[in-house]
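Undergrad: This is the structure, below, for whatever I ask next.
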Amino acid sequence: MTDCAQFIDRAKKIVGRDHCHTLPEQRAVYAYDAAVSDYMPGVVVFPADTAQVEQLVLLANKTNTPVTPRGAGTGMTGGSVAVCGGAVVVFSRMNRIISIDSQNLVACVQPGVITGKFQEAVEEKGLFYPPDPSSAAFSTIGGNVAQCAGGPRAVKYGVTRDYVLGLEAVTGKGEVISTGVKTAKGVVGYDLTRLIVGSAGTLALITRIFLRLLPLPESVRTLTAVFDRMEDAAGAVAQLFAAKIICRSIEYLDKAAIACAEKAMAAGLPTDAGALLLLEVDGDLASTESLAAKALEVCRQAGASQVAGLEDPERAKLYWKARKALSPALYQYGPHKINEDIVVPRNRIPQMVERINQIRERTGLTMVSFGHAGDGNIHVNIMLDKSDLAAAKKAEQAVEEIFDYTLELGGTISGEHGVGLTKAPYFSKEIGPASHRIMKEIKKVFDPNSILNPGKMP
Ligand SMILES: Cc1cc2nc3c(=O)[nH]c(=O)nc-3n(C[C@H](O)[C@H](O)[C@H](O)COP(=O)(O)OP(=O)(O)OC[C@H]3O[C@@H](n4cnc5c(N)ncnc54)[C@H](O)[C@@H]3O)c2cc1C
């Protein structure tokens, strides 16, 4: 019997015996995410609808059982792992696209819908759902909303939060609430939708999502700009904005990241370059072409040794595939990854890149940087073997220095991945005591018995 035996007995009646996994080999599959492992849940349950989620949360309150919601478990900070044991609630059975309304440009989905599948479904109707985390092929919309996922297209189109009109959710108390609207606008009451978006399963379980859609752009073009020095690539990003050229994506890869992506995908990336910018522009045909020409000229002026507009869509697809394969491919540099996703004001990217380079040279750590440069969002990855205690200590100090400098430049310690477990020790570097107290009080209102995702909100 596990520590949540009472919960398990009754949960089987709520979701059905087959949808309540108790065997160690079944539970082990849910003991990890993309960053953290070895937190074995007591039970894993798969509800079919909102009513079952509501009953599970009421039961969890009665039996004092921790509840950790989970989409696809692709989170980067340990958000979906059950650090206090108890029940993991997985939304894979709640995976229906309920409606796509082409007249009102609104869709309604259950949380377990895979983001990439939803994108395909709206695109078939000539519509567009812009948020595109690199994990879109396997992460869920519910996880994206709970984490406020970003992605390459955020430069022009914003992040998940900007597309969530309203939610249905079950609070930690077990109340089903509807937040926001199903219309293009709405300002009645406090904005509970925004509060739940990005709350990482600590306030409520999201059971239904109303999303804003856009018309699908007529034309998209991928561009590349190759630089000898990372600092020049960073400068080019700042200059694109100064020239008021809004690309829909501006991704960058440093030398180590180019080599890593090329090894994983053999896409024909320029492995002798110091840095690569991968850009995307969109719009109607004429404006796409004109924007592409202007963007390439700015990159050339900023010191690019080669620039290209990729005419062949298959080649463009391959470049993007290589970029998206980068995160898992990094393990060729070491068995453990410390993965940070700092954001600095775009015009401060050159300074941040310079500091990262200094830290790399000073410490000798294997550091690989890539990310959403158009948002100032730099994924700094330190690859190491944590059993090497000296390297682990150095890495910890490097992270501390990176966070301190990020905040000094007016940035934030996480643009996408959230706090979860891994960033909890650094939370108070960014969030002051008064804001922190208000957050704790909000948590109490939603989840008075602290059963939702305990151990995550510092
Ligand atoms: C290769 C790779 C690339 C990635 N690229 C990006 C990227 O470009 N941009 C980006 O932002 N992230 C990225 N990520 C991180 C991750 O994919 C996102 O955070 C994603 O939104 C997580 O979705 P998920 O379904 O896997 O959620 P999970 O990891 O299962 O959960 C994430 C958080 O949401 C909570 N949660 C999940 N479902 C619900 C629900 N229905 N109700 C309440 N809470 C819930 C969980 O408790 C957890 O705290 C990447 C990850 C990988 C592995």
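Quick note on naming: the chains in the structure tokens go A, B, ... in the order shown, residues restart at 1 in each chain, and ligands are numbered from 1 in order of appearance.
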If you count only C-alpha atoms and all ligand atoms, which residues end up within 6 Å of ligand 1, as a PyMOL selection string?

TA: chain A and resi 34+68-76+79-80+111+133-135+139-140+142-144+146-147+149-151+200-201+204-207+327-328+416-417

Undergrad: Give me, as a list of chain:residue names, all polymer residues having an atom no more than 10 Å from A:Pro270, counting only C-alpha atoms and skipping those fewer than 3 positions away in the same chain.

TA: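 My reading of the contact set: A:Val226, A:Phe227, A:Lys255, A:Ile258, A:Ala259, A:Glu262, A:Ala267, A:Ala273, A:Gly274, A:Ala275, A:Leu276, A:Gln306.
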
Undergrad: Between atom CA of A:Gly410 and atom CA of A:His436, what distance in Å does the model show, to one decimal?

TA: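 Rounded to one decimal, the two atoms are 19.0 Å apart.
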
Undergrad: Given only C-alpha atoms as the basis, pick out the residue of A:Val281, A:Ala243, A:Ala261, A:Ala60 nearest to A:Gln6.

TA: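 Looking at the shortest contact to A:Gln6, the residue is A:Ala60.
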
Undergrad: Go through A:His336, A:Arg96, A:Lys394, A:Lys62 and flag the residue nearest A:Ala35, using only C-alpha atoms for the distances.

TA: A:His336

Undergrad: Excluding A:Met457 and any residue of its chain fewer than 6 positions from it, enumerate the residues within 8 Å of it, using only C-alpha atoms, and give them as a PyMOL selection string.

TA: chain A and resi 202+419-420+424

Undergrad: Can I get the selection written as a compact mmCIF listing (two decimals), in the first residue's frame, with N, CA and C atoms?

TA:
# COMPACT_ATOMS: atom_id res chain seq x y z
N THR A 202 -0.09 25.27 -9.74
CA THR A 202 -0.09 25.50 -8.29
C THR A 202 -1.39 26.14 -7.80
N VAL A 419 9.69 28.62 -12.69
CA VAL A 419 10.51 28.44 -11.49
C VAL A 419 10.64 26.96 -11.14
N GLY A 420 9.49 26.28 -11.05
CA GLY A 420 9.50 24.84 -10.73
C GLY A 420 10.37 24.54 -9.53
N ALA A 424 13.79 27.52 -7.93
CA ALA A 424 13.24 27.98 -6.65
C ALA A 424 14.30 28.67 -5.76

Undergrad: When you draw a straight line from atom CA of A:Thr22 to atom CA of A:Val81, how long is it in Å?

TA: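 Atom-to-atom, atom CA of A:Thr22 and atom CA of A:Val81 are spaced 15.9 Å apart.
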
Undergrad: Excluding A:Tyr426 and residues on its chain fewer than 6 positions from it, collect all residues at most 12 Å away from it, counting only C-alpha atoms, and give them as a VMD selection string.

TA: chain A and resid 340 396 399 to 404 407 412 to 414 418 to 420 432 457 to 458

Undergrad: Could you write out that same residue set with C-alpha atoms as an mmCIF file, in the first residue's frame?

TA:
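Heads up, here's the output in out29.cif:
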data_model
loop_
_atom_site.group_PDB
_atom_site.id
_atom_site.type_symbol
_atom_site.label_atom_id
_atom_site.label_comp_id
_atom_site.auth_asym_id
_atom_site.auth_seq_id
_atom_site.Cartn_x
_atom_site.Cartn_y
_atom_site.Cartn_z
ATOM 1 C CA GLU A 340 18.809 28.360 -17.941
ATOM 2 C CA GLU A 396 26.482 26.547 -9.555
ATOM 3 C CA VAL A 399 24.555 30.170 -12.761
ATOM 4 C CA GLU A 400 24.548 32.568 -9.823
ATOM 5 C CA GLU A 401 26.750 35.024 -11.732
ATOM 6 C CA ILE A 402 24.609 34.737 -14.874
ATOM 7 C CA PHE A 403 21.412 35.413 -12.892
ATOM 8 C CA ASP A 404 22.938 38.378 -11.041
ATOM 9 C CA LEU A 407 18.985 41.168 -13.250
ATOM 10 C CA THR A 412 14.466 38.137 -15.764
ATOM 11 C CA ILE A 413 15.828 34.744 -14.706
ATOM 12 C CA SER A 414 13.223 32.787 -16.709
ATOM 13 C CA GLY A 418 9.288 28.931 -15.038
ATOM 14 C CA VAL A 419 10.514 28.438 -11.492
ATOM 15 C CA GLY A 420 9.497 24.841 -10.731
ATOM 16 C CA GLY A 432 10.665 41.199 -3.669
ATOM 17 C CA MET A 457 6.015 27.736 -5.160
ATOM 18 C CA PRO A 458 8.828 29.019 -2.908
#

Undergrad: Could you build a table of the residues in stretch 244-317 of chain A lying no more than 12 Å from stretch 112-132 of chain A, giving for each the nearest pair of atoms and their separation in Å rounded to one decimal place, using only C-alpha atoms, ordered by chain and ascending residue number, as JSON lines?

TA:
{"residue": "A:Arg248", "atom": "CA", "partner": "A:Pro130", "partner_atom": "CA", "distance": 9.7}
{"residue": "A:Ser249", "atom": "CA", "partner": "A:Asp132", "partner_atom": "CA", "distance": 10.5}
{"residue": "A:Asp282", "atom": "CA", "partner": "A:Pro130", "partner_atom": "CA", "distance": 11.9}

Undergrad: For the selection you just gave me, I'd like the residues written to a file as an mmCIF file, in the first residue's frame, keeping C-alpha atoms.

TA:
data_model
loop_
_atom_site.group_PDB
_atom_site.id
_atom_site.type_symbol
_atom_site.label_atom_id
_atom_site.label_comp_id
_atom_site.auth_asym_id
_atom_site.auth_seq_id
_atom_site.Cartn_x
_atom_site.Cartn_y
_atom_site.Cartn_z
ATOM 1 C CA ARG A 248 8.483 36.713 -36.667
ATOM 2 C CA SER A 249 11.421 34.675 -35.372
ATOM 3 C CA ASP A 282 5.935 36.599 -42.873
#

Undergrad: With distances taken over only C-alpha atoms, which residue among A:Cys299, A:Ala373, A:Ala329, A:Val67 lies nearest A:Gly174?

TA: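 Residue with the minimum atom-to-atom distance to A:Gly174: A:Val67.
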
Undergrad: Here is a test: counting only C-alpha atoms, which residue of A:Pro47, A:Gly186, A:Pro335, A:Gly374 is nearest to A:Glu280?

TA: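 Looking at the shortest contact to A:Glu280, the residue is A:Gly374.
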
Undergrad: Which residue is closest to A:Arg27? Choose from A:Ile382, A:Ala264, A:Val197, A:Val88 and count only C-alpha atoms.

TA: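 Nearest candidate to A:Arg27 out of A:Ile382, A:Ala264, A:Val197, A:Val88: A:Val88.
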
Undergrad: Residues of stretch 205-242 of chain A classed as strand (DSSP E or B) by DSSP on the backbone are to be reported as a list in words.

TA: Leu205, Ile206, Thr207, Arg208, Ile209, Phe210, Leu211, Arg212, Leu214, Pro215, Ser219, Val220, Arg221, Thr222, Leu223, Thr224, Ala225, Val226 and Phe227 of chain A

Undergrad: If you keep N, CA and C atoms, can you produce a file of those selected residues as a PDB file, in the first residue's frame?

TA:
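again.pdb written:
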ATOM      1  N   LEU A 205      -6.327  23.243 -11.699  1.00  0.00           N
ATOM      2  CA  LEU A 205      -6.131  22.305 -12.808  1.00  0.00           C
ATOM      3  C   LEU A 205      -6.959  22.822 -13.981  1.00  0.00           C
ATOM      4  N   ILE A 206      -6.321  23.054 -15.097  1.00  0.00           N
ATOM      5  CA  ILE A 206      -6.995  23.628 -16.264  1.00  0.00           C
ATOM      6  C   ILE A 206      -7.699  22.495 -17.016  1.00  0.00           C
ATOM      7  N   THR A 207      -9.003  22.670 -17.258  1.00  0.00           N
ATOM      8  CA  THR A 207      -9.759  21.580 -17.880  1.00  0.00           C
ATOM      9  C   THR A 207     -10.317  21.952 -19.259  1.00  0.00           C
ATOM     10  N   ARG A 208     -10.333  23.231 -19.581  1.00  0.00           N
ATOM     11  CA  ARG A 208     -10.821  23.665 -20.895  1.00  0.00           C
ATOM     12  C   ARG A 208     -10.199  25.029 -21.210  1.00  0.00           C
ATOM     13  N   ILE A 209      -9.871  25.248 -22.482  1.00  0.00           N
ATOM     14  CA  ILE A 209      -9.132  26.465 -22.840  1.00  0.00           C
ATOM     15  C   ILE A 209      -9.766  27.102 -24.079  1.00  0.00           C
ATOM     16  N   PHE A 210     -10.044  28.402 -23.998  1.00  0.00           N
ATOM     17  CA  PHE A 210     -10.563  29.152 -25.144  1.00  0.00           C
ATOM     18  C   PHE A 210      -9.419  29.989 -25.710  1.00  0.00           C
ATOM     19  N   LEU A 211      -9.117  29.765 -26.979  1.00  0.00           N
ATOM     20  CA  LEU A 211      -7.929  30.370 -27.586  1.00  0.00           C
ATOM     21  C   LEU A 211      -8.282  31.304 -28.740  1.00  0.00           C
ATOM     22  N   ARG A 212      -7.533  32.393 -28.821  1.00  0.00           N
ATOM     23  CA  ARG A 212      -7.674  33.349 -29.922  1.00  0.00           C
ATOM     24  C   ARG A 212      -6.866  32.827 -31.113  1.00  0.00           C
ATOM     25  N   LEU A 214      -5.613  33.606 -35.386  1.00  0.00           N
ATOM     26  CA  LEU A 214      -5.365  34.662 -36.384  1.00  0.00           C
ATOM     27  C   LEU A 214      -5.504  34.035 -37.768  1.00  0.00           C
ATOM     28  N   PRO A 215      -5.650  34.869 -38.792  1.00  0.00           N
ATOM     29  CA  PRO A 215      -5.593  34.304 -40.155  1.00  0.00           C
ATOM     30  C   PRO A 215      -4.167  33.816 -40.441  1.00  0.00           C
ATOM     31  N   SER A 219       2.431  34.211 -46.654  1.00  0.00           N
ATOM     32  CA  SER A 219       3.770  33.802 -47.075  1.00  0.00           C
ATOM     33  C   SER A 219       4.753  33.869 -45.899  1.00  0.00           C
ATOM     34  N   VAL A 220       5.681  32.904 -45.867  1.00  0.00           N
ATOM     35  CA  VAL A 220       6.710  32.867 -44.808  1.00  0.00           C
ATOM     36  C   VAL A 220       8.049  32.614 -45.475  1.00  0.00           C
ATOM     37  N   ARG A 221       9.082  33.307 -45.044  1.00  0.00           N
ATOM     38  CA  ARG A 221      10.408  33.052 -45.616  1.00  0.00           C
ATOM     39  C   ARG A 221      11.433  32.891 -44.494  1.00  0.00           C
ATOM     40  N   THR A 222      12.254  31.861 -44.596  1.00  0.00           N
ATOM     41  CA  THR A 222      13.350  31.659 -43.630  1.00  0.00           C
ATOM     42  C   THR A 222      14.630  32.258 -44.193  1.00  0.00           C
ATOM     43  N   LEU A 223      15.368  32.933 -43.326  1.00  0.00           N
ATOM     44  CA  LEU A 223      16.621  33.573 -43.737  1.00  0.00           C
ATOM     45  C   LEU A 223      17.744  33.084 -42.826  1.00  0.00           C
ATOM     46  N   THR A 224      18.949  33.099 -43.321  1.00  0.00           N
ATOM     47  CA  THR A 224      20.083  32.772 -42.446  1.00  0.00           C
ATOM     48  C   THR A 224      21.147  33.859 -42.554  1.00  0.00           C
ATOM     49  N   ALA A 225      21.830  34.092 -41.453  1.00  0.00           N
ATOM     50  CA  ALA A 225      22.963  35.027 -41.457  1.00  0.00           C
ATOM     51  C   ALA A 225      24.081  34.399 -40.633  1.00  0.00           C
ATOM     52  N   VAL A 226      25.245  34.293 -41.265  1.00  0.00           N
ATOM     53  CA  VAL A 226      26.386  33.611 -40.639  1.00  0.00           C
ATOM     54  C   VAL A 226      27.382  34.668 -40.165  1.00  0.00           C
ATOM     55  N   PHE A 227      27.853  34.510 -38.935  1.00  0.00           N
ATOM     56  CA  PHE A 227      28.786  35.491 -38.359  1.00  0.00           C
ATOM     57  C   PHE A 227      30.047  34.788 -37.866  1.00  0.00           C
TER      58      PHE A 227
END

Undergrad: In Å to one decimal, how far is atom CA of A:Trp320 from atom CA of A:Asn377?

TA: 17.4 Å
